[in-house]
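**Student:** What follows is the file data23.txt, containing compact mmCIF, C-alpha atoms:
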```txt
# COMPACT_ATOMS: atom_id res chain seq x y z
CA MET Y 1029 72.33 -170.91 51.80
CA THR Y 1030 71.42 -169.49 55.22
CA ILE Y 1031 68.02 -169.57 56.90
CA PRO Y 1032 66.48 -166.07 57.09
CA ALA Y 1033 66.64 -164.39 60.48
CA GLN Y 1034 62.89 -164.58 61.15
CA ARG Y 1035 62.94 -168.36 60.73
CA GLN Y 1036 65.94 -169.04 62.96
CA HIS Y 1037 64.73 -170.59 66.15
CA TRP Y 1038 67.17 -168.87 68.48
CA ASN Y 1039 65.87 -165.50 67.22
CA ILE Y 1040 62.30 -166.64 67.89
CA GLU Y 1041 63.20 -167.94 71.35
CA LEU Y 1042 65.13 -164.87 72.41
CA SER Y 1043 62.42 -162.56 71.05
CA VAL Y 1044 59.77 -164.37 73.11
CA LYS Y 1045 61.97 -164.13 76.21
CA LYS Y 1046 62.43 -160.42 75.59
CA HIS Y 1047 58.66 -159.99 75.32
CA LEU Y 1048 58.18 -161.82 78.63
CA LYS Y 1049 60.85 -159.78 80.38
CA ASP Y 1050 59.24 -156.56 79.13
CA ASN Y 1051 55.64 -157.50 79.89
CA PHE Y 1052 55.60 -159.94 82.80
CA VAL Y 1053 55.65 -158.10 86.14
CA THR Y 1054 59.20 -157.89 87.47
CA PRO Y 1055 60.20 -160.44 90.06
CA ASN Y 1056 61.21 -157.98 92.76
CA SER Y 1057 57.82 -156.34 93.08
CA LEU Y 1058 56.11 -159.67 93.78
CA GLY Y 1059 58.96 -161.49 95.45
CA THR Y 1060 58.89 -163.94 92.59
CA TYR Y 1061 61.91 -165.52 90.95
CA VAL Y 1062 61.58 -165.92 87.18
CA ASN Y 1063 63.79 -168.37 85.31
CA TYR Y 1064 63.84 -168.20 81.52
CA GLY Y 1065 65.56 -171.54 81.08
CA ASP Y 1066 69.03 -170.00 80.74
CA THR Y 1067 70.47 -171.00 84.10
CA GLU Y 1068 69.98 -173.58 86.81
CA PHE Y 1069 68.60 -172.32 90.07
CA GLU Y 1070 67.96 -173.40 93.66
CA VAL Y 1071 64.44 -173.31 95.02
CA ALA Y 1072 65.42 -173.94 98.63
CA GLY Y 1073 64.99 -170.30 99.68
CA LEU Y 1074 62.23 -169.33 97.26
CA ASP Y 1075 58.52 -168.93 98.01
CA LYS Y 1076 57.38 -168.20 94.46
CA TRP Y 1077 59.00 -168.96 91.14
CA VAL Y 1078 58.17 -169.19 87.46
CA THR Y 1079 60.12 -171.27 84.93
CA PHE Y 1080 59.89 -171.27 81.15
CA THR Y 1081 60.75 -174.19 78.86
CA PHE Y 1082 60.57 -174.50 75.10
CA LEU Y 1083 59.25 -177.99 74.31
CA SER Y 1084 59.80 -177.91 70.57
CA ALA Y 1085 61.58 -175.71 68.07
CA GLU Y 1086 59.59 -176.07 64.86
CA ALA Y 1087 58.37 -172.51 64.32
CA GLY Y 1088 59.84 -171.34 61.02
CA LYS Y 1089 59.96 -174.94 59.73
CA MET Y 1090 56.27 -175.39 58.86
CA GLY Y 1091 55.58 -176.37 62.46
CA SER Y 1092 54.96 -174.80 65.86
CA THR Y 1093 56.97 -174.06 68.95
CA LEU Y 1094 55.44 -174.88 72.32
CA LEU Y 1095 56.29 -172.73 75.31
CA GLN Y 1096 55.59 -174.17 78.77
CA ALA Y 1097 55.44 -171.94 81.84
CA ASP Y 1098 55.34 -173.40 85.35
CA VAL Y 1099 54.13 -171.13 88.17
CA CYS Y 1100 54.93 -172.52 91.62
CA THR Y 1101 54.30 -171.20 95.14
CA ARG Y 1102 54.95 -172.69 98.56
CA THR Y 1103 51.88 -173.25 100.68
CA ARG Y 1104 53.70 -173.72 104.00
CA GLY Y 1105 50.47 -174.67 105.76
CA LYS Y 1106 49.69 -171.27 107.35
CA ILE Y 1107 47.60 -168.52 105.83
CA SER Y 1108 49.89 -165.72 106.87
CA GLY Y 1109 53.11 -167.54 106.07
CA GLY Y 1110 52.36 -168.97 102.68
CA ASP Y 1111 50.00 -169.49 99.80
CA ARG Y 1112 47.77 -171.96 101.61
CA TYR Y 1113 45.06 -172.38 98.99
CA GLY Y 1114 47.09 -171.62 95.89
CA LYS Y 1115 45.53 -168.16 95.39
CA GLU Y 1116 48.89 -166.45 94.89
CA CYS Y 1117 49.79 -169.11 92.34
CA ALA Y 1118 46.55 -168.36 90.48
CA ARG Y 1119 47.25 -164.62 90.63
CA LEU Y 1120 50.74 -165.08 89.15
CA ALA Y 1121 49.31 -167.31 86.45
CA ARG Y 1122 46.77 -164.59 85.58
CA LEU Y 1123 49.57 -161.99 85.31
CA LEU Y 1124 51.53 -164.30 83.05
CA HIS Y 1125 48.41 -164.92 81.00
CA ALA Y 1126 48.00 -161.14 80.63
CA ALA Y 1127 51.63 -160.78 79.50
CA MET Y 1128 51.10 -163.37 76.76
CA HIS Y 1129 47.66 -162.02 75.83
CA VAL Y 1130 48.82 -160.71 72.45
CA ASP Y 1131 48.12 -161.67 68.84
CA ALA Y 1132 51.77 -161.73 67.90
CA ILE Y 1133 55.21 -161.08 69.35
CA GLN Y 1134 57.76 -158.88 67.58
CA LEU Y 1135 60.75 -160.80 66.20
CA TYR Y 1136 64.30 -159.48 66.54
CA ASN Y 1137 67.60 -160.45 64.98
CA TRP Y 1138 69.93 -161.31 67.86
CA ASP Y 1139 73.18 -161.60 65.91
CA THR Y 1140 74.35 -158.67 68.04
CA PRO Y 1141 72.96 -159.60 71.49
CA ALA Y 1142 73.50 -156.13 72.96
CA SER Y 1143 71.43 -154.41 70.25
CA PRO Y 1144 68.77 -156.63 68.67
CA VAL Y 1145 67.32 -155.41 65.38
CA ALA Y 1146 63.53 -155.54 64.91
CA LEU Y 1147 62.45 -157.67 61.95
CA SER Y 1148 59.44 -157.18 59.70
CA GLN Y 1149 57.82 -160.42 60.87
CA LYS Y 1150 56.10 -161.40 64.09
CA VAL Y 1151 55.46 -164.78 65.65
CA MET Y 1152 51.77 -165.54 66.33
CA VAL Y 1153 50.37 -166.68 69.66
CA GLN Y 1154 47.57 -168.98 68.54
CA ASN Y 1155 46.32 -172.13 70.21
CA ASP Y 1156 45.41 -175.43 68.54
CA GLY Y 1157 41.78 -174.34 68.27
CA GLY Y 1158 42.78 -171.31 66.20
CA THR Y 1159 42.11 -168.72 68.93
CA PHE Y 1160 44.66 -165.96 69.19
CA ARG Y 1161 46.12 -164.78 72.53
CA GLU Y 1162 44.92 -167.85 74.44
CA PRO Y 1163 47.13 -170.64 75.79
CA ASN Y 1164 46.81 -174.19 74.48
CA GLU Y 1165 46.06 -175.45 77.96
CA GLU Y 1166 46.33 -174.57 81.64
CA LYS Y 1167 46.85 -177.49 83.98
CA ILE Y 1168 46.17 -177.00 87.71
CA TRP Y 1169 48.03 -179.50 89.86
CA ASP Y 1170 46.95 -180.65 93.31
CA ILE Y 1171 48.91 -179.07 96.14
CA GLU Y 1172 51.61 -181.62 96.97
CA GLU Y 1173 54.59 -181.51 99.29
CA GLY Y 1174 53.77 -177.90 100.12
CA ILE Y 1175 53.89 -176.64 96.51
CA ALA Y 1176 51.01 -175.25 94.46
CA ARG Y 1177 51.70 -175.46 90.73
CA ARG Y 1178 50.08 -174.35 87.51
CA THR Y 1179 51.35 -175.22 84.03
CA LEU Y 1180 50.45 -173.09 81.00
CA THR Y 1181 51.32 -173.97 77.40
CA TRP Y 1182 51.30 -171.60 74.41
CA ARG Y 1183 51.70 -172.39 70.74
CA LEU Y 1184 53.87 -170.05 68.70
CA ARG Y 1185 54.25 -170.07 64.95
CA LEU Y 1186 54.97 -167.80 62.02
CA PRO Y 1187 52.15 -166.77 59.66
CA THR Y 1188 53.79 -168.84 56.90
CA ASP Y 1189 53.77 -171.92 59.16
CA ALA Y 1190 49.98 -171.69 59.26
CA SER Y 1191 49.61 -172.33 55.52
CA ALA Y 1192 48.76 -175.70 53.96
CA SER Y 1193 51.07 -178.69 54.30
CA SER Y 1194 51.96 -178.51 50.62
CA THR Y 1195 53.43 -175.02 50.97
CA VAL Y 1196 57.20 -174.73 50.85
CA TYR Y 1197 59.58 -171.98 51.84
CA TYR Y 1198 61.36 -170.34 48.93
CA ASP Y 1199 63.54 -167.96 50.94
CA MET H 587 -0.25 -182.66 29.75
CA LEU H 588 2.15 -181.18 32.28
CA ALA H 589 5.31 -183.03 33.07
CA VAL H 590 8.49 -182.46 35.02
CA LYS H 591 11.73 -184.28 34.37
CA HIS H 592 13.89 -184.93 37.41
CA ASN H 593 17.26 -186.51 37.99
CA ILE H 594 16.46 -188.41 41.16
CA PRO H 595 18.03 -191.67 39.92
CA ALA H 596 21.29 -189.85 39.23
CA ILE H 597 21.21 -188.21 42.67
CA ARG H 598 20.42 -191.58 44.27
CA ASP H 599 23.43 -193.17 42.54
CA ARG H 600 25.76 -190.42 43.68
CA LEU H 601 24.51 -190.69 47.26
CA LYS H 602 25.08 -194.46 47.09
CA ARG H 603 28.69 -193.86 46.07
CA ILE H 604 29.15 -191.32 48.87
CA LYS H 605 27.65 -193.82 51.31
CA ILE H 606 30.19 -196.45 50.15
CA LEU H 607 32.97 -193.93 50.80
CA ALA H 608 31.57 -193.12 54.25
CA THR H 609 31.14 -196.71 55.38
CA GLY H 610 34.23 -198.17 53.77
CA GLY H 611 37.08 -195.86 52.99
CA TYR H 612 36.61 -193.13 55.60
CA PRO H 613 36.72 -195.27 58.77
CA ALA H 614 39.73 -197.16 57.43
CA ASP H 615 41.49 -193.92 56.59
CA THR H 616 40.70 -192.53 60.05
CA THR H 617 42.34 -195.58 61.65
CA VAL H 618 45.43 -195.15 59.47
CA PHE H 619 45.55 -191.47 60.47
CA MET H 620 45.36 -192.29 64.18
CA GLU H 621 48.03 -194.97 63.82
CA ARG H 622 50.30 -192.32 62.38
CA VAL H 623 49.53 -190.14 65.41
CA CYS H 624 50.18 -193.10 67.72
CA ASP H 625 53.58 -193.80 66.09
CA HIS H 626 54.52 -190.15 66.43
CA VAL H 627 53.74 -189.93 70.15
CA ALA H 628 55.46 -193.28 70.78
CA ARG H 629 58.63 -192.00 69.10
CA LEU H 630 58.60 -188.84 71.22
CA THR H 631 58.07 -190.76 74.49
CA PRO H 632 61.53 -191.03 76.08
CA ARG H 633 63.14 -194.39 76.77
CA SER H 634 65.79 -195.10 79.37
CA LYS H 635 69.03 -196.49 77.91
CA ASP H 636 68.79 -200.00 79.33
CA THR H 637 65.17 -200.61 78.29
CA GLN H 638 64.33 -204.06 77.02
CA VAL H 639 62.92 -204.16 73.50
CA THR H 640 59.41 -205.55 73.28
CA ASN H 641 58.48 -208.66 71.35
CA GLU H 642 58.27 -207.65 67.69
CA THR H 643 55.62 -210.25 66.85
CA THR H 644 53.13 -209.39 69.53
CA GLY H 645 54.12 -205.77 70.03
CA LYS H 646 54.01 -206.26 73.79
CA GLY H 647 56.60 -207.12 76.42
CA GLY H 648 56.49 -210.66 77.76
CA SER H 649 56.99 -209.90 81.45
CA LYS H 650 56.35 -206.77 83.46
CA GLN H 651 60.04 -205.88 83.47
CA LYS H 652 60.12 -205.77 79.67
CA ARG H 653 57.20 -203.37 79.27
CA HIS H 654 58.04 -199.75 78.61
CA LEU H 655 55.81 -196.71 78.61
CA ALA H 656 56.72 -195.89 75.01
CA ASP H 657 55.36 -199.28 73.89
CA GLY H 658 52.02 -198.73 75.57
CA TRP H 659 50.53 -196.38 72.99
CA VAL H 660 47.60 -198.06 71.21
CA VAL H 661 44.76 -197.06 68.87
CA LYS H 662 41.21 -198.13 69.61
CA THR H 663 38.09 -197.64 67.50
CA ILE H 664 34.90 -197.17 69.50
CA GLY H 665 31.47 -197.92 68.11
CA GLY H 666 32.18 -200.31 65.24
CA SER H 667 31.03 -203.93 65.38
CA ALA H 668 30.56 -207.04 63.27
CA LYS H 669 26.88 -206.09 62.86
CA GLY H 670 27.83 -203.08 60.80
CA ARG H 671 27.50 -200.21 63.30
CA ILE H 672 29.55 -197.26 62.13
CA ALA H 673 32.51 -196.34 64.33
CA THR H 674 32.02 -193.01 66.08
CA MET H 675 35.43 -192.37 67.57
CA THR H 676 39.03 -193.48 67.32
CA VAL H 677 41.31 -192.85 70.29
CA CYS H 678 45.02 -193.14 70.89
CA TYR H 679 46.00 -193.68 74.52
CA ASN H 680 48.68 -195.30 76.66
CA MET H 681 47.26 -198.58 77.92
CA PHE H 682 49.77 -198.83 80.80
CA THR H 683 48.72 -195.58 82.43
CA HIS H 684 45.23 -194.65 81.19
CA THR H 685 41.98 -196.22 80.10
CA GLN H 686 40.44 -195.60 76.70
CA THR H 687 38.22 -192.91 78.23
CA GLY H 688 41.28 -190.92 79.24
CA ARG H 689 41.12 -191.61 82.99
CA PRO H 690 44.32 -192.69 84.76
CA ARG H 691 44.46 -196.32 85.87
CA LYS H 692 44.48 -196.67 89.66
CA ALA H 693 47.41 -199.08 89.55
CA ALA H 694 49.43 -196.59 87.52
CA LEU H 695 49.02 -193.65 89.94
CA LEU H 696 52.29 -192.72 91.59
CA LYS H 697 52.66 -192.92 95.37
CA ASN H 698 54.14 -190.69 98.04
CA ALA H 699 56.75 -191.98 100.49
CA ASP H 700 53.95 -192.64 103.00
CA GLY H 701 52.08 -194.80 100.48
CA LYS H 702 49.35 -192.26 99.69
CA LYS H 703 48.46 -192.16 96.00
CA LYS H 704 49.02 -189.05 93.92
CA SER H 705 46.56 -187.88 91.30
CA TYR H 706 48.87 -188.42 88.32
CA THR H 707 50.88 -191.14 86.59
CA LEU H 708 54.40 -191.41 85.21
CA LEU H 709 53.07 -190.22 81.87
CA GLU H 710 52.13 -186.82 83.33
CA VAL H 711 55.55 -186.59 84.95
CA LEU H 712 57.28 -187.12 81.59
CA GLU H 713 54.82 -184.83 79.82
CA TYR H 714 54.98 -181.83 82.16
CA GLY H 715 58.25 -182.40 83.96
CA VAL H 716 58.94 -181.94 87.66
CA GLN H 717 59.98 -178.76 89.43
CA PRO H 718 63.09 -178.78 91.67
CA HIS H 719 61.06 -178.40 94.83
CA ARG H 720 62.46 -180.52 97.59
CA LYS H 721 65.44 -182.12 99.25
CA ILE H 722 65.89 -185.88 99.24
CA VAL H 723 66.62 -187.44 102.64
CA PRO H 724 66.73 -191.10 103.73
CA VAL H 725 63.38 -192.26 105.10
CA ASN H 726 63.51 -196.04 105.58
CA ALA H 727 67.29 -196.50 105.75
CA LYS H 728 70.20 -194.76 107.47
CA ALA H 729 71.69 -193.40 104.26
CA LEU H 730 70.90 -192.81 100.61
CA HIS H 731 72.59 -195.12 98.10
CA PHE H 732 72.79 -194.59 94.36
CA VAL H 733 75.06 -194.88 91.35
CA THR H 734 75.95 -191.72 89.44
CA LYS H 735 75.89 -191.35 85.65
CA GLU H 736 79.65 -191.78 85.63
CA GLY H 737 79.29 -195.10 87.42
CA ALA H 738 80.47 -194.05 90.89
CA GLU H 739 78.66 -195.58 93.86
CA VAL H 740 77.53 -193.06 96.49
CA PHE H 741 76.41 -193.47 100.11
CA THR H 742 75.25 -190.29 101.81
CA LYS H 743 72.98 -189.09 104.61
CA GLY H 744 71.92 -186.21 102.39
CA PRO H 745 70.04 -183.94 102.00
CA ILE H 746 70.36 -183.92 98.23
CA ASN H 747 68.74 -181.25 96.12
CA TYR H 748 66.24 -182.79 93.77
CA PRO H 749 67.17 -181.25 90.39
CA GLY H 750 63.74 -181.56 88.83
CA MET H 751 63.01 -182.98 85.39
CA THR H 752 62.68 -181.33 81.98
CA PRO H 753 59.26 -181.76 80.39
CA TYR H 754 59.12 -183.77 77.17
CA GLY H 755 55.66 -182.63 76.09
CA MET H 756 55.21 -185.58 73.73
CA VAL H 757 51.39 -185.53 73.87
CA ARG H 758 51.16 -181.76 73.37
CA GLN H 759 53.62 -181.81 70.49
CA THR H 760 51.73 -184.65 68.84
CA ARG H 761 48.40 -182.90 69.37
CA THR H 762 49.70 -179.79 67.60
CA LYS H 763 50.93 -181.87 64.66
CA MET H 764 47.71 -183.91 64.65
CA ASN H 765 45.61 -180.76 64.20
CA LYS H 766 47.60 -179.86 61.10
CA TRP H 767 47.34 -183.38 59.68
CA ALA H 768 43.61 -183.47 60.47
CA LYS H 769 42.99 -180.35 58.37
CA ALA H 770 44.72 -181.95 55.38
CA PHE H 771 42.71 -185.15 56.03
CA GLN H 772 39.42 -183.23 56.10
CA ARG H 773 40.31 -181.36 52.90
CA LYS H 774 41.15 -184.63 51.14
CA TRP H 775 37.82 -186.24 52.10
CA ALA H 776 35.79 -183.12 51.33
CA ASN H 777 37.31 -183.09 47.83
CA LYS H 778 36.48 -186.79 47.39
CA VAL H 779 32.83 -186.23 48.29
CA LYS H 780 32.60 -183.14 46.05
CA ARG H 781 34.02 -185.14 43.15
CA GLU H 782 31.36 -187.85 43.65
CA LEU H 783 28.62 -185.24 43.76
CA ARG H 784 29.77 -183.65 40.53
CA ARG H 785 30.36 -186.92 38.68
CA ALA H 786 27.74 -187.87 36.12
```
Can you dump the structure from the file as structure tokens?
**Tutor:**
Amino acid sequence: MTIPAQRQHWNIELSVKKHLKDNFVTPNSLGTYVNYGDTEFEVAGLDKWVTFTFLSAEAGKMGSTLLQADVCTRTRGKISGGDRYGKECARLARLLHAAMHVDAIQLYNWDTPASPVALSQKVMVQNDGGTFREPNEEKIWDIEEGIARRTLTWRLRLPTDASASSTVYYD
Amino acid sequence: MLAVKHNIPAIRDRLKRIKILATGGYPADTTVFMERVCDHVARLTPRSKDTQVTNETTGKGGSKQKRHLADGWVVKTIGGSAKGRIATMTVCYNMFTHTQTGRPRKAALLKNADGKKKSYTLLEVLEYGVQPHRKIVPVNAKALHFVTKEGAEVFTKGPINYPGMTPYGMVRQTRTKMNKWAKAFQRKWANKVKRELRRA
């Protein structure tokens, strides 16, 4: 017995990455490098970068998936040369927040990676307090070693995951 | 004669039973709930491979070397006392890195190479991870010295790219689960109180 496509975590993960790629402002226009967790990368030559990490994979299993996004900018110590006060970091975080400011993200079946098929279900973006579209938390780090950093966390789950603990999946 | 019949004694009895539930069963159940939360976050906190196991009787490590972050998660009830005050809050926190109010302990704050204290502890590092943001160079010695995962010993002047660290998110994952468990807990106790109210 196979798990239905909308409950398979790799479909959920890839669908969320697709949504981010389509809605988050492209790296080239802002000089920002965006890493979706697929490859390793060097930060030595970068001034701004964003990384995404999935902390858990329980969406579709009566649980939630947590998505962490880290927005980092180099301060460099000069106003003209870098993001001295972390304002650019805040601006990137706002853009990312706008990209994830949706009630739900369309799910796709990625069995054929080149041509994903849209599914009838969506995965909800709802924080622990029950508010849609908002992240679970946004942590602002102190500027250290010339890096300004902000960490945002979103909770993703299917509508069926939001039902009572006694509910079971029959599909 | 005009008279009115009331059921105040019956209401008083039901309220007495609800009071017994509130002062006896509910605080105890809350502590059990938080201990479940505490166990969950302790299981998710990563351990290094060569960590010493803590003393099973006391639940704490004997010496500083034997203490591990994952063993520091404790549950504390605030407000209860022998004089019968009702507990107002139950917290789960890591006693090695934070106080029961949630503030980081000064001794647990990490330090820079120059000795200046950072604003976070090892727990935040494990929770949120570290970005690959710098190169490692020798500061106090002529060369860096370390042993690789494969067991090879390395001496090098560097610089070495710091690879960063993956976040574990154990507190956030537990908080998400805790919210779901708390709803079931609230439903269970609401049903108990409703049953008492309806009982003859």
**Student:** Return the single residue from Y:Lys1150, Y:Arg1112, Y:His1129, Y:Lys1076 that is closest to chain H, with distances computed using only C-alpha atoms.
**Tutor:**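 Closest to chain H, using only C-alpha atoms: Y:Lys1076.
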**Student:** Counting all atoms listed in the file, which of H:Val590, H:Leu630, H:Leu709, H:Val661 gets nearest to chain Y?
**Tutor:**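 For chain Y, the nearest of the given residues is H:Leu630.
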**Student:** Which chain H residues have any atom within 10 Å of an atom of chain Y, and for each, what is the nearest pair of atoms with distance in Å to one decimal, counting all atoms listed in the file, rows sorted by chain and number, as JSON lines?
**Tutor:**
```
{"residue": "H:Asn698", "atom": "CA", "partner": "Y:Glu1173", "partner_atom": "CA", "distance": 9.3}
{"residue": "H:Lys704", "atom": "CA", "partner": "Y:Glu1172", "partner_atom": "CA", "distance": 8.4}
{"residue": "H:Ser705", "atom": "CA", "partner": "Y:Asp1170", "partner_atom": "CA", "distance": 7.5}
{"residue": "H:Tyr706", "atom": "CA", "partner": "Y:Trp1169", "partner_atom": "CA", "distance": 9.1}
{"residue": "H:Glu713", "atom": "CA", "partner": "Y:Leu1083", "partner_atom": "CA", "distance": 9.8}
{"residue": "H:Tyr714", "atom": "CA", "partner": "Y:Thr1179", "partner_atom": "CA", "distance": 7.8}
{"residue": "H:Gly715", "atom": "CA", "partner": "Y:Asp1098", "partner_atom": "CA", "distance": 9.6}
{"residue": "H:Val716", "atom": "CA", "partner": "Y:Asp1098", "partner_atom": "CA", "distance": 9.6}
{"residue": "H:Gln717", "atom": "CA", "partner": "Y:Asp1098", "partner_atom": "CA", "distance": 8.2}
{"residue": "H:Pro718", "atom": "CA", "partner": "Y:Val1071", "partner_atom": "CA", "distance": 6.6}
{"residue": "H:His719", "atom": "CA", "partner": "Y:Val1071", "partner_atom": "CA", "distance": 6.1}
{"residue": "H:Arg720", "atom": "CA", "partner": "Y:Ala1072", "partner_atom": "CA", "distance": 7.3}
{"residue": "H:Lys721", "atom": "CA", "partner": "Y:Ala1072", "partner_atom": "CA", "distance": 8.2}
{"residue": "H:Asn747", "atom": "CA", "partner": "Y:Glu1070", "partner_atom": "CA", "distance": 8.3}
{"residue": "H:Tyr748", "atom": "CA", "partner": "Y:Glu1070", "partner_atom": "CA", "distance": 9.5}
{"residue": "H:Pro749", "atom": "CA", "partner": "Y:Glu1070", "partner_atom": "CA", "distance": 8.5}
{"residue": "H:Thr752", "atom": "CA", "partner": "Y:Thr1081", "partner_atom": "CA", "distance": 8.0}
{"residue": "H:Pro753", "atom": "CA", "partner": "Y:Leu1083", "partner_atom": "CA", "distance": 7.2}
{"residue": "H:Tyr754", "atom": "CA", "partner": "Y:Leu1083", "partner_atom": "CA", "distance": 6.5}
{"residue": "H:Gly755", "atom": "CA", "partner": "Y:Leu1083", "partner_atom": "CA", "distance": 6.1}
{"residue": "H:Met756", "atom": "CA", "partner": "Y:Leu1083", "partner_atom": "CA", "distance": 8.6}
{"residue": "H:Arg758", "atom": "CA", "partner": "Y:Leu1094", "partner_atom": "CA", "distance": 8.2}
{"residue": "H:Gln759", "atom": "CA", "partner": "Y:Ser1084", "partner_atom": "CA", "distance": 7.3}
{"residue": "H:Arg761", "atom": "CA", "partner": "Y:Asp1156", "partner_atom": "CA", "distance": 8.1}
{"residue": "H:Thr762", "atom": "CA", "partner": "Y:Asp1156", "partner_atom": "CA", "distance": 6.2}
{"residue": "H:Lys763", "atom": "CA", "partner": "Y:Gly1091", "partner_atom": "CA", "distance": 7.5}
{"residue": "H:Met764", "atom": "CA", "partner": "Y:Asp1156", "partner_atom": "CA", "distance": 9.6}
{"residue": "H:Asn765", "atom": "CA", "partner": "Y:Asp1156", "partner_atom": "CA", "distance": 6.9}
{"residue": "H:Lys766", "atom": "CA", "partner": "Y:Ser1193", "partner_atom": "CA", "distance": 7.7}
{"residue": "H:Trp767", "atom": "CA", "partner": "Y:Ser1193", "partner_atom": "CA", "distance": 8.1}
{"residue": "H:Lys769", "atom": "CA", "partner": "Y:Ala1192", "partner_atom": "CA", "distance": 8.6}
{"residue": "H:Ala770", "atom": "CA", "partner": "Y:Ser1193", "partner_atom": "CA", "distance": 7.2}
```
**Student:** Just give me the gap between CA of Thr676 in chain H and CA of Trp775 in chain H in Å, one decimal is fine.
**Tutor:**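 Distance reported for this atom pair: 16.9 Å.
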**Student:** Compare Y:Asn1039, Y:Met1152, Y:Pro1144, Y:Cys1117 by their minimum atom-to-atom distance to Thr1188 in chain Y, counting all atoms listed in the file, and give me the closest one.
**Tutor:**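 Using all atoms listed in the file, Thr1188 in chain Y sits closest to Y:Met1152.
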**Student:** Leaving out Gln686 in chain H and any residue of its chain fewer than 4 positions from it, which residues lie within 8 Å of it when counting only C-alpha atoms, given as a list in words?
**Tutor:**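 Those residues are Lys662, Val677, Cys678, Tyr679 and Met681 of chain H.
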**Student:** Pick the closest to Lys1115 in chain Y from Y:Asp1189, Y:Thr1103, Y:Lys1049, Y:Gly1065: which is it, counting only C-alpha atoms?
**Tutor:**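 Nearest to Lys1115 in chain Y: Y:Thr1103.
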**Student:** Just want the 12 Å neighbourhood of Arg629 in chain H, counted on only C-alpha atoms, with same-chain residues fewer than 6 positions away dropped. Output as a VMD selection string.
**Tutor:** chain H and resid 622 to 623 655 to 659 754 756 to 757 759 to 760
**Student:** Could you tell me which of Y:Leu1135, Y:Asp1111, Y:Pro1187, Y:Tyr1064 comes closest to His1037 in chain Y if we count all atoms listed in the file?
**Tutor:**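 Once distances to His1037 in chain Y are computed over all atoms listed in the file, the minimum belongs to Y:Leu1135.
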**Student:** At a cut-off of 10 Å, using all atoms listed in the file, what residues contact Val725 in chain H? Leave out same-chain residues fewer than 5 positions from it and give the result as a count of residues only.
**Tutor:** 3
**Student:** Tell me, as an MDAnalysis selection string, which residues lie within 10 Å of Val1044 in chain Y, counting only C-alpha atoms; anything in the same chain fewer than 4 positions away does not count.
**Tutor:** chainID Y and resid 1038:1040 1048:1050 1095 1128 1132:1136 1151 1184
**Student:** What does the distance from CA of Gly1114 in chain Y to CA of Ile1171 in chain Y come to in Å, to one decimal?
**Tutor:** 7.7 Å
**Student:** Any chance you could build range 1173-1181 of chain Y out to N, CA, C and O atoms and write it as a PDB file, in the coordinates of the input?
**Tutor:**
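Below is the file that was written, part.pdb:
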```pdb
ATOM      1  N   GLU Y1173      53.298-181.789  98.650  1.00  0.00           N
ATOM      2  CA  GLU Y1173      54.590-181.510  99.290  1.00  0.00           C
ATOM      3  C   GLU Y1173      54.783-180.015  99.498  1.00  0.00           C
ATOM      4  O   GLU Y1173      55.883-179.484  99.341  1.00  0.00           O
ATOM      5  N   GLY Y1174      53.695-179.321  99.803  1.00  0.00           N
ATOM      6  CA  GLY Y1174      53.770-177.900 100.120  1.00  0.00           C
ATOM      7  C   GLY Y1174      53.969-176.992  98.928  1.00  0.00           C
ATOM      8  O   GLY Y1174      54.365-175.841  99.092  1.00  0.00           O
ATOM      9  N   ILE Y1175      53.707-177.478  97.708  1.00  0.00           N
ATOM     10  CA  ILE Y1175      53.890-176.640  96.510  1.00  0.00           C
ATOM     11  C   ILE Y1175      52.581-176.613  95.720  1.00  0.00           C
ATOM     12  O   ILE Y1175      51.996-177.660  95.430  1.00  0.00           O
ATOM     13  N   ALA Y1176      52.137-175.406  95.385  1.00  0.00           N
ATOM     14  CA  ALA Y1176      51.010-175.250  94.460  1.00  0.00           C
ATOM     15  C   ALA Y1176      51.621-174.962  93.087  1.00  0.00           C
ATOM     16  O   ALA Y1176      52.552-174.173  92.970  1.00  0.00           O
ATOM     17  N   ARG Y1177      51.078-175.594  92.058  1.00  0.00           N
ATOM     18  CA  ARG Y1177      51.700-175.460  90.730  1.00  0.00           C
ATOM     19  C   ARG Y1177      50.641-175.335  89.657  1.00  0.00           C
ATOM     20  O   ARG Y1177      49.597-175.997  89.713  1.00  0.00           O
ATOM     21  N   ARG Y1178      50.925-174.462  88.695  1.00  0.00           N
ATOM     22  CA  ARG Y1178      50.080-174.350  87.510  1.00  0.00           C
ATOM     23  C   ARG Y1178      50.977-174.381  86.286  1.00  0.00           C
ATOM     24  O   ARG Y1178      52.030-173.735  86.275  1.00  0.00           O
ATOM     25  N   THR Y1179      50.548-175.100  85.259  1.00  0.00           N
ATOM     26  CA  THR Y1179      51.350-175.220  84.030  1.00  0.00           C
ATOM     27  C   THR Y1179      50.537-174.661  82.874  1.00  0.00           C
ATOM     28  O   THR Y1179      49.415-175.101  82.625  1.00  0.00           O
ATOM     29  N   LEU Y1180      51.120-173.670  82.173  1.00  0.00           N
ATOM     30  CA  LEU Y1180      50.450-173.090  81.000  1.00  0.00           C
ATOM     31  C   LEU Y1180      51.289-173.406  79.761  1.00  0.00           C
ATOM     32  O   LEU Y1180      52.517-173.407  79.833  1.00  0.00           O
ATOM     33  N   THR Y1181      50.609-173.655  78.653  1.00  0.00           N
ATOM     34  CA  THR Y1181      51.320-173.970  77.400  1.00  0.00           C
ATOM     35  C   THR Y1181      50.779-173.082  76.296  1.00  0.00           C
ATOM     36  O   THR Y1181      49.568-173.002  76.090  1.00  0.00           O
TER      37      THR Y1181
END
```
